[in-house]
$ cat protein.cif   # mmCIF, C-alpha atoms
data_model
#
loop_
_atom_site.label_atom_id
_atom_site.label_comp_id
_atom_site.auth_asym_id
_atom_site.auth_seq_id
_atom_site.Cartn_x
_atom_site.Cartn_y
_atom_site.Cartn_z
CA MET A 1 169.11 128.10 22.01
CA ILE A 2 170.97 124.95 23.09
CA GLU A 3 172.07 122.94 20.06
CA THR A 4 175.01 120.80 21.18
CA ALA A 5 175.87 118.54 24.09
CA GLU A 6 178.66 120.91 25.02
CA GLN A 7 176.29 123.87 25.21
CA LEU A 8 173.95 121.81 27.39
CA PHE A 9 176.80 120.95 29.77
CA GLU A 10 177.77 124.62 30.02
CA ARG A 11 174.20 125.64 30.86
CA LEU A 12 173.95 122.92 33.50
CA GLU A 13 177.21 124.04 35.07
CA GLU A 14 175.81 127.58 35.29
CA LYS A 15 172.86 126.15 37.23
CA ASN A 16 175.15 124.00 39.42
CA ILE A 17 173.53 120.81 38.09
CA PRO A 18 176.15 118.05 38.32
CA LEU A 19 176.47 115.37 35.66
CA THR A 20 178.63 112.29 35.96
CA ASP A 21 181.11 111.44 33.22
CA GLU A 22 178.89 108.51 32.31
CA GLN A 23 175.83 110.77 31.97
CA LYS A 24 177.82 113.10 29.72
CA LYS A 25 178.96 110.19 27.55
CA GLU A 26 175.36 109.01 27.19
CA ILE A 27 174.13 112.45 26.13
CA ILE A 28 176.97 112.82 23.62
CA ALA A 29 176.20 109.38 22.16
CA VAL A 30 172.49 110.15 21.77
CA ASP A 31 173.20 113.61 20.36
CA ALA A 32 175.34 112.02 17.66
CA LYS A 33 172.29 110.10 16.39
CA TYR A 34 169.38 112.32 17.44
CA ARG A 35 170.44 115.95 17.57
CA LEU A 36 169.36 117.88 20.62
CA ARG A 37 167.84 121.31 20.34
CA ILE A 38 166.18 123.11 23.24
CA SER A 39 164.93 126.69 23.31
CA ASP A 40 166.05 128.81 26.23
CA TYR A 41 162.39 129.31 27.15
CA TYR A 42 161.62 125.59 27.39
CA PHE A 43 164.88 124.83 29.18
CA ASN A 44 163.96 127.32 31.87
CA LEU A 45 160.72 125.45 32.61
CA ILE A 46 162.64 122.42 33.92
CA ASP A 47 162.56 121.62 37.62
CA TRP A 48 166.08 120.27 38.13
CA GLU A 49 165.25 118.98 41.59
CA ASP A 50 162.92 116.45 39.96
CA GLU A 51 164.72 113.81 37.89
CA GLU A 52 161.36 112.79 36.43
CA ASP A 53 160.29 116.32 35.57
CA PRO A 54 158.01 116.05 32.50
CA ILE A 55 159.67 119.00 30.78
CA ARG A 56 163.11 117.49 31.31
CA LEU A 57 162.04 114.11 29.95
CA GLN A 58 160.74 115.67 26.74
CA CYS A 59 163.87 117.60 25.84
CA ILE A 60 166.99 116.12 27.49
CA PRO A 61 168.51 113.17 25.57
CA SER A 62 168.26 109.75 27.23
CA ALA A 63 170.42 106.67 26.63
CA LYS A 64 167.13 104.78 26.23
CA GLU A 65 166.80 106.38 22.79
CA LEU A 66 169.57 104.11 21.54
CA ASP A 67 167.86 100.89 22.65
CA GLU A 68 167.01 98.51 19.82
CA VAL A 69 163.43 97.39 20.44
CA GLU A 70 161.62 94.87 18.28
CA GLY A 71 158.64 96.33 16.43
CA TYR A 72 160.05 99.86 16.24
CA SER A 73 161.18 101.30 12.91
CA GLU A 74 162.35 104.57 11.41
CA ASP A 75 159.12 105.32 9.52
CA PRO A 76 156.32 103.10 10.86
CA LEU A 77 153.64 105.37 9.41
CA ASN A 78 155.03 104.94 5.90
CA GLU A 79 155.15 108.66 5.19
CA GLY A 80 158.06 108.09 2.84
CA ARG A 81 155.97 105.70 0.76
CA TYR A 82 153.21 108.28 0.39
CA GLU A 83 155.49 111.16 -0.62
CA LYS A 84 154.11 111.77 -4.11
CA VAL A 85 156.39 114.67 -5.01
CA PRO A 86 159.25 116.03 -2.87
CA PHE A 87 157.94 117.19 0.54
CA LEU A 88 154.25 116.43 -0.21
CA VAL A 89 152.70 113.39 1.49
CA HIS A 90 149.30 112.20 0.24
CA LYS A 91 148.18 109.36 2.51
CA TYR A 92 144.49 110.15 3.11
CA ARG A 93 142.09 110.70 0.24
CA SER A 94 141.07 114.29 0.97
CA ARG A 95 144.16 115.53 2.84
CA ALA A 96 147.80 116.10 2.06
CA ALA A 97 150.75 117.22 4.19
CA PHE A 98 153.49 119.56 3.02
CA MET A 99 156.74 119.11 4.97
CA CYS A 100 157.95 122.69 4.67
CA SER A 101 160.66 122.58 7.35
CA ASN A 102 163.07 120.18 9.03
CA PHE A 103 163.77 122.60 11.88
CA CYS A 104 162.06 122.98 15.27
CA TYR A 105 162.67 125.20 18.27
CA MET A 106 162.97 121.99 20.26
CA HIS A 107 163.73 118.42 19.29
CA CYS A 108 161.13 116.48 21.24
CA ARG A 109 162.63 113.20 22.36
CA HIS A 110 159.38 111.43 21.41
CA CYS A 111 159.21 112.95 17.90
CA THR A 112 157.55 110.68 15.35
CA ARG A 113 159.79 112.10 12.60
CA LYS A 114 163.11 111.97 14.46
CA ASN A 115 164.46 109.43 11.94
CA THR A 116 162.95 110.96 8.80
CA VAL A 117 161.99 114.62 8.31
CA MET A 118 164.38 115.86 10.99
CA ASN A 119 167.24 114.30 9.01
CA SER A 120 165.90 115.13 5.55
CA PRO A 121 166.92 117.73 2.95
CA ILE A 122 165.68 121.26 3.50
CA CYS A 123 162.55 122.28 1.63
CA ASP A 124 162.84 125.52 -0.33
CA ARG A 125 160.76 127.71 -2.62
CA ASP A 126 161.53 125.53 -5.63
CA ALA A 127 159.59 122.62 -4.10
CA LEU A 128 156.22 124.38 -4.14
CA PRO A 129 155.35 124.33 -7.88
CA ALA A 130 155.47 120.52 -8.06
CA ALA A 131 153.39 120.24 -4.89
CA LEU A 132 150.78 122.66 -6.25
CA ASP A 133 150.69 120.84 -9.58
CA TYR A 134 150.02 117.56 -7.78
CA VAL A 135 147.24 119.07 -5.68
CA ARG A 136 145.59 120.62 -8.74
CA LYS A 137 145.63 117.24 -10.45
CA HIS A 138 143.99 115.65 -7.40
CA PRO A 139 140.88 117.75 -6.74
CA GLU A 140 139.80 115.30 -4.02
CA ILE A 141 142.42 116.98 -1.81
CA ASN A 142 140.55 119.76 -0.03
CA ASP A 143 142.66 120.11 3.14
CA ILE A 144 146.37 120.92 3.34
CA LEU A 145 148.45 120.43 6.46
CA ILE A 146 151.60 122.55 6.48
CA THR A 147 153.98 120.85 8.86
CA GLY A 148 157.55 119.66 9.24
CA GLY A 149 159.55 120.28 11.43
CA ASP A 150 157.84 123.44 12.52
CA PRO A 151 156.44 125.92 9.96
CA PHE A 152 156.72 128.77 12.46
CA THR A 153 160.52 128.53 12.27
CA LEU A 154 160.44 129.76 8.69
CA PRO A 155 160.86 133.41 7.69
CA ILE A 156 157.38 134.91 7.54
CA ASP A 157 157.66 135.72 3.83
CA LEU A 158 158.59 132.12 2.99
CA LEU A 159 155.78 130.67 5.08
CA GLU A 160 153.36 133.08 3.40
CA TYR A 161 154.65 131.97 -0.01
CA TYR A 162 153.69 128.39 0.82
CA ILE A 163 150.31 129.30 2.34
CA ALA A 164 149.38 131.63 -0.51
CA GLY A 165 150.36 128.94 -3.01
CA PHE A 166 147.99 126.37 -1.57
CA ARG A 167 145.27 128.98 -1.04
CA SER A 168 145.45 129.69 -4.79
CA VAL A 169 144.24 126.16 -5.57
CA ALA A 170 140.47 126.39 -6.02
CA THR A 171 139.78 122.92 -4.64
CA VAL A 172 141.64 123.54 -1.35
CA ASN A 173 139.13 124.46 1.33
CA THR A 174 141.06 124.48 4.59
CA ILE A 175 144.71 124.98 5.47
CA ARG A 176 146.09 123.71 8.76
CA ILE A 177 149.43 124.47 10.37
CA GLY A 178 151.01 122.07 12.85
CA THR A 179 153.37 123.78 15.30
CA ARG A 180 154.95 123.35 18.70
CA ALA A 181 156.41 126.86 18.74
CA ILE A 182 153.52 127.96 20.96
CA VAL A 183 154.79 125.49 23.58
CA ALA A 184 158.52 125.51 22.94
CA ASP A 185 159.19 129.20 22.19
CA PRO A 186 155.96 131.23 22.30
CA ALA A 187 157.66 134.58 21.69
CA ARG A 188 158.10 133.45 18.07
CA VAL A 189 154.34 133.75 17.59
CA THR A 190 154.49 137.48 16.89
CA ASP A 191 151.81 139.95 15.89
CA GLU A 192 153.46 140.16 12.47
CA LEU A 193 153.15 136.40 12.01
CA CYS A 194 149.54 136.38 13.19
CA ASP A 195 148.61 139.30 10.92
CA MET A 196 149.95 137.35 7.94
CA LEU A 197 148.06 134.19 8.83
CA GLU A 198 144.80 136.14 9.22
CA LYS A 199 144.79 136.85 5.47
CA TYR A 200 144.35 133.21 4.52
CA HIS A 201 141.17 131.99 6.22
CA PRO A 202 139.86 129.36 6.63
CA LEU A 203 143.10 128.51 8.41
CA TRP A 204 143.52 126.43 11.56
CA VAL A 205 146.49 126.02 13.90
CA PHE A 206 147.10 122.80 15.80
CA THR A 207 149.59 122.80 18.61
CA HIS A 208 151.13 120.20 20.90
CA PHE A 209 150.77 120.63 24.66
CA ASN A 210 151.61 117.43 26.55
CA HIS A 211 151.65 118.54 30.19
CA PRO A 212 150.01 121.22 32.37
CA LYS A 213 153.41 122.79 33.11
CA GLU A 214 153.58 123.84 29.46
CA VAL A 215 150.48 126.03 29.81
CA THR A 216 152.20 129.22 30.93
CA GLU A 217 151.42 132.91 30.73
CA GLU A 218 153.68 133.11 27.69
CA SER A 219 152.09 130.20 25.81
CA ALA A 220 148.60 131.46 26.69
CA ALA A 221 149.51 134.89 25.31
CA ALA A 222 150.77 133.31 22.07
CA CYS A 223 147.44 131.51 21.73
CA GLY A 224 145.66 134.78 22.41
CA ARG A 225 147.46 136.51 19.57
CA LEU A 226 146.27 133.85 17.13
CA LEU A 227 142.73 133.78 18.50
CA LYS A 228 142.49 137.56 18.19
CA ARG A 229 142.84 137.04 14.43
CA GLY A 230 140.00 134.52 14.38
CA ILE A 231 142.29 131.51 14.02
CA PRO A 232 140.82 128.45 15.76
CA LEU A 233 143.24 126.39 17.86
CA GLY A 234 143.28 122.65 18.47
CA ASN A 235 145.69 120.56 20.49
CA GLN A 236 147.22 117.18 19.75
CA THR A 237 148.75 115.48 22.77
CA VAL A 238 150.98 112.41 22.64
CA PHE A 239 150.23 109.83 25.33
CA LEU A 240 153.61 109.43 27.05
CA LYS A 241 154.70 107.09 29.83
CA GLY A 242 156.13 109.04 32.75
CA ILE A 243 154.78 112.34 31.45
CA ASN A 244 151.02 112.32 31.04
CA ALA A 245 149.78 108.71 31.19
CA ASP A 246 147.60 109.65 34.13
CA ALA A 247 143.97 110.78 34.34
CA ASP A 248 144.67 113.55 36.86
CA VAL A 249 147.48 115.02 34.75
CA LEU A 250 145.40 115.02 31.58
CA GLU A 251 142.37 116.41 33.37
CA GLU A 252 144.48 119.34 34.54
CA LEU A 253 146.03 119.82 31.11
CA TYR A 254 142.71 119.87 29.29
CA THR A 255 141.08 122.08 31.90
CA ARG A 256 143.86 124.60 31.42
CA LEU A 257 143.68 124.36 27.65
CA ILE A 258 139.98 125.11 27.38
CA GLY A 259 140.63 127.94 29.81
CA ILE A 260 142.85 129.55 27.16
CA ARG A 261 140.44 128.58 24.34
CA VAL A 262 142.47 125.71 22.91
CA ARG A 263 140.31 122.69 22.17
CA PRO A 264 141.72 119.22 22.93
CA TYR A 265 141.53 117.28 19.65
CA TYR A 266 143.61 114.09 19.61
CA LEU A 267 145.38 112.08 22.30
CA TYR A 268 147.83 109.95 20.32
CA LEU A 269 149.23 106.61 21.32
CA CYS A 270 152.99 107.12 20.95
CA ASP A 271 154.05 105.88 17.52
CA ARG A 272 156.40 102.90 17.30
CA VAL A 273 159.33 104.99 16.12
CA LYS A 274 162.92 103.95 16.76
CA GLY A 275 164.26 105.83 19.74
CA THR A 276 160.92 106.33 21.49
CA ALA A 277 160.03 102.92 22.99
CA HIS A 278 160.64 104.12 26.56
CA PHE A 279 157.71 106.55 26.17
CA TYR A 280 155.20 103.88 25.14
CA ALA A 281 152.20 103.46 27.45
CA ASP A 282 149.73 100.62 26.91
CA TYR A 283 146.71 101.57 24.84
CA HIS A 284 144.32 99.98 27.34
CA LEU A 285 145.43 102.59 29.85
CA GLY A 286 144.79 105.37 27.34
CA VAL A 287 141.29 104.12 26.59
CA ASP A 288 140.50 103.86 30.31
CA ILE A 289 141.80 107.36 31.00
CA VAL A 290 139.74 108.95 28.23
CA GLU A 291 136.69 107.13 29.60
CA LYS A 292 137.40 108.69 33.02
CA LEU A 293 137.77 112.10 31.40
CA ARG A 294 134.27 111.76 29.91
CA TYR A 295 132.93 112.04 33.43
CA ARG A 296 135.29 114.76 34.58
CA LEU A 297 135.28 117.23 31.68
CA PRO A 298 132.75 118.86 29.38
CA GLY A 299 132.41 116.96 26.12
CA TYR A 300 134.31 119.49 24.02
CA ALA A 301 137.34 119.07 26.31
CA VAL A 302 137.62 115.30 25.88
CA PRO A 303 139.99 114.34 23.05
CA LYS A 304 139.66 111.35 20.76
CA PHE A 305 142.13 108.61 21.67
CA ILE A 306 143.96 107.80 18.44
CA ILE A 307 146.12 104.93 17.28
CA ASP A 308 147.97 105.84 14.10
CA ALA A 309 148.19 102.29 12.79
CA ASP A 310 151.36 101.36 10.96
CA GLY A 311 151.68 98.99 8.01
CA ASP A 312 150.76 99.39 4.35
CA ASN A 313 147.13 100.35 4.94
CA GLY A 314 147.50 102.02 8.31
CA GLY A 315 146.07 105.32 9.42
CA LYS A 316 144.46 107.18 12.30
CA VAL A 317 141.81 105.17 14.12
CA THR A 318 139.72 106.28 17.11
CA VAL A 319 139.78 103.67 19.89
CA GLU A 320 137.27 103.93 22.71
CA LYS A 321 135.05 102.02 25.07
CA ASN A 322 131.97 100.39 23.62
CA HIS A 323 129.23 102.44 25.20
CA LEU A 324 126.48 100.07 24.18
CA LEU A 325 126.58 97.80 27.23
CA GLY A 326 123.58 95.69 26.29
CA GLU A 327 120.49 95.55 24.10
CA THR A 328 117.04 93.98 24.23
CA ASP A 329 113.95 94.40 22.07
CA GLU A 330 112.78 97.04 24.55
CA TYR A 331 115.82 99.05 25.57
CA LEU A 332 119.52 99.82 25.24
CA LEU A 333 121.74 99.60 28.30
CA LEU A 334 124.06 102.62 28.40
CA PRO A 335 126.58 104.15 30.82
CA GLY A 336 125.07 106.50 33.37
CA ASN A 337 126.03 110.11 33.97
CA ARG A 338 128.51 109.12 36.69
CA GLU A 339 131.23 106.51 36.70
CA ASP A 340 130.15 102.94 37.43
CA THR A 341 126.45 103.63 36.82
CA VAL A 342 124.18 102.44 34.00
CA THR A 343 120.88 103.59 32.54
CA LYS A 344 118.21 102.18 30.24
CA PHE A 345 117.16 103.91 27.03
CA TYR A 346 113.82 102.52 25.89
CA ILE A 347 113.42 102.02 22.16
#
$ encode --input "protein.cif" --output "structure tokens"
Amino acid sequence: MIETAEQLFERLEEKNIPLTDEQKKEIIAVDAKYRLRISDYYFNLIDWEDEEDPIRLQCIPSAKELDEVEGYSEDPLNEGRYEKVPFLVHKYRSRAAFMCSNFCYMHCRHCTRKNTVMNSPICDRDALPAALDYVRKHPEINDILITGGDPFTLPIDLLEYYIAGFRSVATVNTIRIGTRAIVADPARVTDELCDMLEKYHPLWVFTHFNHPKEVTEESAAACGRLLKRGIPLGNQTVFLKGINADADVLEELYTRLIGIRVRPYYLYLCDRVKGTAHFYADYHLGVDIVEKLRYRLPGYAVPKFIIDADGDNGGKVTVEKNHLLGETDEYLLLPGNREDTVTKFYI
């Protein structure tokens, strides 16, 4: 595990990757504000001959993270406002999120919580009773997302304590776990962990593949261990400039994911979080790409394009092309089964 700028420099020296003094100063400055952490596994996926390598861009600090950009804030999604008791966020009527960890196997440079959870106090066992009490008093909550940070970084007995606690609430139907361990350090997804999770169905795991290079034999095997226990897997990708804001890249990613039985779920517009503006790709491009994917992939492999709107009343909104192209008293005009074609549906 690489956890300091100095450790990163040592690893780069071992690989004969030169850095200028200015580049080192920039990394040190960013690390002082946004701590770096990179698993050995993910670090070894980087192609150092490519300065724009998508793995590199997601994990190596960039001076662009320190840019002050208008419209970007520390917590644009207002998660802090909706924290009803310590570590429990209740923003949507029927769902709540429990921030069980502030640790990840990798600090993604585009992380939406880089200014909040990743710099917050550590959740411990004592936080659960208040969270359970709140959920019991709000029976409209029927879905719990256990997230962080990364829940799979916790000791298995502690993670089970949290899962079992929420499973004990009669009104909780489903439990979801959000993790990037499958991508960042798949060896952590052990048989022991998967055996524990299997006891608490209905339980879902949502992971975070952003690029085809992340779909490796190791990550596929980690998914296989979860699937063997009957745990369904979904993927939430962040739409990132310079990494995956391209129809061909996303087509390859989603083709690979359904090949390992991971269903593409959301494609998120990058949140307007301080330190991430250089990853922002225009939403028009995202909508156009998803429209292209409709023609290239089976329906179950096409994710919803999501804007997580900020502001007091913000939330996740699906944004897509209007597929009703025209309407008369006799028929609807709809897109055809190939790009740039139309068809009539008589009514």
$ resolve_selection --input "protein.cif" --expression "the PyMOL selection byres ((chain A and resi 179) around 8)" --output "tab-separated table (two decimals) with C-alpha atoms, in the coordinates of the input"
chain	number	residue	atom	x	y	z
A	147	THR	CA	153.98	120.85	8.86
A	150	ASP	CA	157.84	123.44	12.52
A	151	PRO	CA	156.44	125.92	9.96
A	152	PHE	CA	156.72	128.77	12.46
A	177	ILE	CA	149.43	124.47	10.37
A	178	GLY	CA	151.01	122.07	12.85
A	180	ARG	CA	154.95	123.35	18.70
A	181	ALA	CA	156.41	126.86	18.74
A	182	ILE	CA	153.52	127.96	20.96
A	205	VAL	CA	146.49	126.02	13.90
A	206	PHE	CA	147.10	122.80	15.80
A	207	THR	CA	149.59	122.80	18.61
A	208	HIS	CA	151.13	120.20	20.90
$ resolve_selection --input "protein.cif" --expression "the PyMOL selection byres ((chain A and resi 74) around 9)" --output "PyMOL selection string"
chain A and resi 72-73+75-77+112-116+272-275
$ resolve_selection --input "protein.cif" --expression "the PyMOL selection byres ((chain A and resi 66) around 10)" --output "PyMOL selection string"
chain A and resi 26+29-30+33-34+61-65+67-69+274-277
$ closest_residue --input "protein.cif" --among "A:Cys223, A:Ala247, A:Leu285, A:Ile175" --to "Arg263 of chain A" --atoms "only C-alpha atoms"
A:Cys223
$ closest_residue --input "protein.cif" --among "A:Leu57, A:Ile27, A:Leu227, A:Ala184" --to "Leu240 of chain A" --atoms "only C-alpha atoms"
A:Leu57
$ atom_distance --input "protein.cif" --atom1 "atom CA of Glu3 of chain A" --atom2 "atom CA of Phe43 of chain A"
11.8 Å
$ closest_residue --input "protein.cif" --among "A:His107, A:Lys304, A:His201, A:Arg296" --to "Lys316 of chain A" --atoms "all atoms listed in the file"
A:Lys304
$ atom_distance --input "protein.cif" --atom1 "atom CA of Asp185 of chain A" --atom2 "atom CA of Ile2 of chain A"
12.6 Å
$ closest_residue --input "protein.cif" --among "A:Ile144, A:Thr174, A:Leu19, A:Val249" --to "Phe98 of chain A" --atoms "all atoms listed in the file"
A:Ile144
$ closest_residue --input "protein.cif" --among "A:Phe345, A:Phe166, A:Tyr331, A:Tyr134" --to "Leu203 of chain A" --atoms "only C-alpha atoms"
A:Phe166
$ residues_around --input "protein.cif" --residues "segment 210-212 of chain A" --least-positions-apart "2" --cutoff "6 Å" --atoms "only C-alpha atoms" --output "CSV table (one decimal) with C-alpha atoms, in the frame of the given file"
chain,number,residue,atom,x,y,z
A,214,GLU,CA,153.6,123.8,29.5
A,215,VAL,CA,150.5,126.0,29.8
A,237,THR,CA,148.8,115.5,22.8
A,253,LEU,CA,146.0,119.8,31.1
$ closest_residue --input "protein.cif" --among "A:Glu13, A:Tyr42, A:Phe305, A:Thr343" --to "Leu324 of chain A" --atoms "all atoms listed in the file"
A:Thr343
$ residues_around --input "protein.cif" --residues "Asp288 of chain A" --least-positions-apart "4" --cutoff "9 Å" --atoms "only C-alpha atoms" --output "list of chain:residue names"
A:Ala247, A:Tyr283, A:His284, A:Lys292, A:Leu293, A:Glu320, A:Lys321
$ residues_near_point --input "protein.cif" --point "(148.7, 106.7, 16.1)" --cutoff "7 Å" --atoms "all atoms listed in the file" --output "list of chain:residue names"
A:Tyr268, A:Leu269, A:Cys270, A:Asp271, A:Ile306, A:Ile307, A:Asp308, A:Ala309, A:Lys316
$ atom_distance --input "protein.cif" --atom1 "atom CA of Ser219 of chain A" --atom2 "atom CA of Pro186 of chain A"
5.3 Å
$ build_atoms --input "protein.cif" --residues "segment 31-40 of chain A" --atoms "all heavy atoms" --output "PDB file, in the coordinates of the input"
ATOM      1  N   ASP A  31     173.162 112.414  21.189  1.00  0.00           N
ATOM      2  CA  ASP A  31     173.200 113.610  20.360  1.00  0.00           C
ATOM      3  C   ASP A  31     173.810 113.327  18.987  1.00  0.00           C
ATOM      4  O   ASP A  31     173.429 113.947  17.992  1.00  0.00           O
ATOM      5  CB  ASP A  31     173.985 114.714  21.075  1.00  0.00           C
ATOM      6  CG  ASP A  31     174.004 116.028  20.305  1.00  0.00           C
ATOM      7  OD1 ASP A  31     172.939 116.425  19.803  1.00  0.00           O
ATOM      8  OD2 ASP A  31     175.083 116.642  20.217  1.00  0.00           O
ATOM      9  N   ALA A  32     174.720 112.375  18.937  1.00  0.00           N
ATOM     10  CA  ALA A  32     175.340 112.020  17.660  1.00  0.00           C
ATOM     11  C   ALA A  32     174.329 111.397  16.702  1.00  0.00           C
ATOM     12  O   ALA A  32     174.469 111.511  15.475  1.00  0.00           O
ATOM     13  CB  ALA A  32     176.496 111.051  17.901  1.00  0.00           C
ATOM     14  N   LYS A  33     173.306 110.748  17.235  1.00  0.00           N
ATOM     15  CA  LYS A  33     172.290 110.100  16.390  1.00  0.00           C
ATOM     16  C   LYS A  33     171.029 110.955  16.276  1.00  0.00           C
ATOM     17  O   LYS A  33     170.465 111.102  15.191  1.00  0.00           O
ATOM     18  CB  LYS A  33     171.931 108.730  16.971  1.00  0.00           C
ATOM     19  CG  LYS A  33     170.939 107.946  16.118  1.00  0.00           C
ATOM     20  CD  LYS A  33     170.754 106.542  16.637  1.00  0.00           C
ATOM     21  CE  LYS A  33     169.712 105.755  15.814  1.00  0.00           C
ATOM     22  NZ  LYS A  33     170.113 105.621  14.402  1.00  0.00           N
ATOM     23  N   TYR A  34     170.597 111.511  17.398  1.00  0.00           N
ATOM     24  CA  TYR A  34     169.380 112.320  17.440  1.00  0.00           C
ATOM     25  C   TYR A  34     169.721 113.679  18.026  1.00  0.00           C
ATOM     26  O   TYR A  34     169.752 113.843  19.239  1.00  0.00           O
ATOM     27  CB  TYR A  34     168.303 111.646  18.291  1.00  0.00           C
ATOM     28  CG  TYR A  34     167.888 110.275  17.816  1.00  0.00           C
ATOM     29  CD1 TYR A  34     168.024 109.157  18.646  1.00  0.00           C
ATOM     30  CD2 TYR A  34     167.346 110.086  16.546  1.00  0.00           C
ATOM     31  CE1 TYR A  34     167.635 107.899  18.227  1.00  0.00           C
ATOM     32  CE2 TYR A  34     166.951 108.827  16.116  1.00  0.00           C
ATOM     33  CZ  TYR A  34     167.098 107.739  16.961  1.00  0.00           C
ATOM     34  OH  TYR A  34     166.704 106.493  16.546  1.00  0.00           O
ATOM     35  N   ARG A  35     169.963 114.648  17.150  1.00  0.00           N
ATOM     36  CA  ARG A  35     170.440 115.950  17.570  1.00  0.00           C
ATOM     37  C   ARG A  35     169.533 116.576  18.613  1.00  0.00           C
ATOM     38  O   ARG A  35     168.322 116.539  18.498  1.00  0.00           O
ATOM     39  CB  ARG A  35     170.523 116.883  16.365  1.00  0.00           C
ATOM     40  CG  ARG A  35     171.681 116.608  15.422  1.00  0.00           C
ATOM     41  CD  ARG A  35     172.983 117.102  16.014  1.00  0.00           C
ATOM     42  NE  ARG A  35     172.879 118.499  16.427  1.00  0.00           N
ATOM     43  CZ  ARG A  35     172.992 119.521  15.599  1.00  0.00           C
ATOM     44  NH1 ARG A  35     173.165 119.338  14.302  1.00  0.00           N
ATOM     45  NH2 ARG A  35     172.919 120.756  16.064  1.00  0.00           N
ATOM     46  N   LEU A  36     170.146 117.162  19.629  1.00  0.00           N
ATOM     47  CA  LEU A  36     169.360 117.880  20.620  1.00  0.00           C
ATOM     48  C   LEU A  36     169.200 119.328  20.175  1.00  0.00           C
ATOM     49  O   LEU A  36     170.056 119.898  19.508  1.00  0.00           O
ATOM     50  CB  LEU A  36     169.984 117.788  22.008  1.00  0.00           C
ATOM     51  CG  LEU A  36     171.253 118.574  22.351  1.00  0.00           C
ATOM     52  CD1 LEU A  36     170.917 119.998  22.802  1.00  0.00           C
ATOM     53  CD2 LEU A  36     172.024 117.876  23.444  1.00  0.00           C
ATOM     54  N   ARG A  37     168.085 119.867  20.500  1.00  0.00           N
ATOM     55  CA  ARG A  37     167.840 121.310  20.340  1.00  0.00           C
ATOM     56  C   ARG A  37     166.797 121.684  21.368  1.00  0.00           C
ATOM     57  O   ARG A  37     165.738 121.053  21.435  1.00  0.00           O
ATOM     58  CB  ARG A  37     167.383 121.659  18.928  1.00  0.00           C
ATOM     59  CG  ARG A  37     167.095 123.156  18.767  1.00  0.00           C
ATOM     60  CD  ARG A  37     166.743 123.538  17.342  1.00  0.00           C
ATOM     61  NE  ARG A  37     167.891 123.431  16.462  1.00  0.00           N
ATOM     62  CZ  ARG A  37     167.899 122.727  15.337  1.00  0.00           C
ATOM     63  NH1 ARG A  37     166.826 122.066  14.968  1.00  0.00           N
ATOM     64  NH2 ARG A  37     168.979 122.679  14.589  1.00  0.00           N
ATOM     65  N   ILE A  38     167.093 122.682  22.188  1.00  0.00           N
ATOM     66  CA  ILE A  38     166.180 123.110  23.240  1.00  0.00           C
ATOM     67  C   ILE A  38     166.172 124.638  23.271  1.00  0.00           C
ATOM     68  O   ILE A  38     167.230 125.266  23.362  1.00  0.00           O
ATOM     69  CB  ILE A  38     166.616 122.596  24.631  1.00  0.00           C
ATOM     70  CG1 ILE A  38     166.999 121.115  24.584  1.00  0.00           C
ATOM     71  CG2 ILE A  38     165.522 122.835  25.668  1.00  0.00           C
ATOM     72  CD1 ILE A  38     167.700 120.617  25.841  1.00  0.00           C
ATOM     73  N   SER A  39     165.001 125.228  23.193  1.00  0.00           N
ATOM     74  CA  SER A  39     164.930 126.690  23.310  1.00  0.00           C
ATOM     75  C   SER A  39     165.244 127.101  24.743  1.00  0.00           C
ATOM     76  O   SER A  39     165.037 126.337  25.695  1.00  0.00           O
ATOM     77  CB  SER A  39     163.524 127.175  22.931  1.00  0.00           C
ATOM     78  OG  SER A  39     162.585 126.770  23.912  1.00  0.00           O
ATOM     79  N   ASP A  40     165.761 128.297  24.892  1.00  0.00           N
ATOM     80  CA  ASP A  40     166.050 128.810  26.230  1.00  0.00           C
ATOM     81  C   ASP A  40     164.774 128.844  27.071  1.00  0.00           C
ATOM     82  O   ASP A  40     164.786 128.532  28.264  1.00  0.00           O
ATOM     83  CB  ASP A  40     166.643 130.218  26.140  1.00  0.00           C
ATOM     84  CG  ASP A  40     168.024 130.204  25.485  1.00  0.00           C
ATOM     85  OD1 ASP A  40     168.719 129.193  25.586  1.00  0.00           O
ATOM     86  OD2 ASP A  40     168.379 131.225  24.868  1.00  0.00           O
TER      87      ASP A  40
END
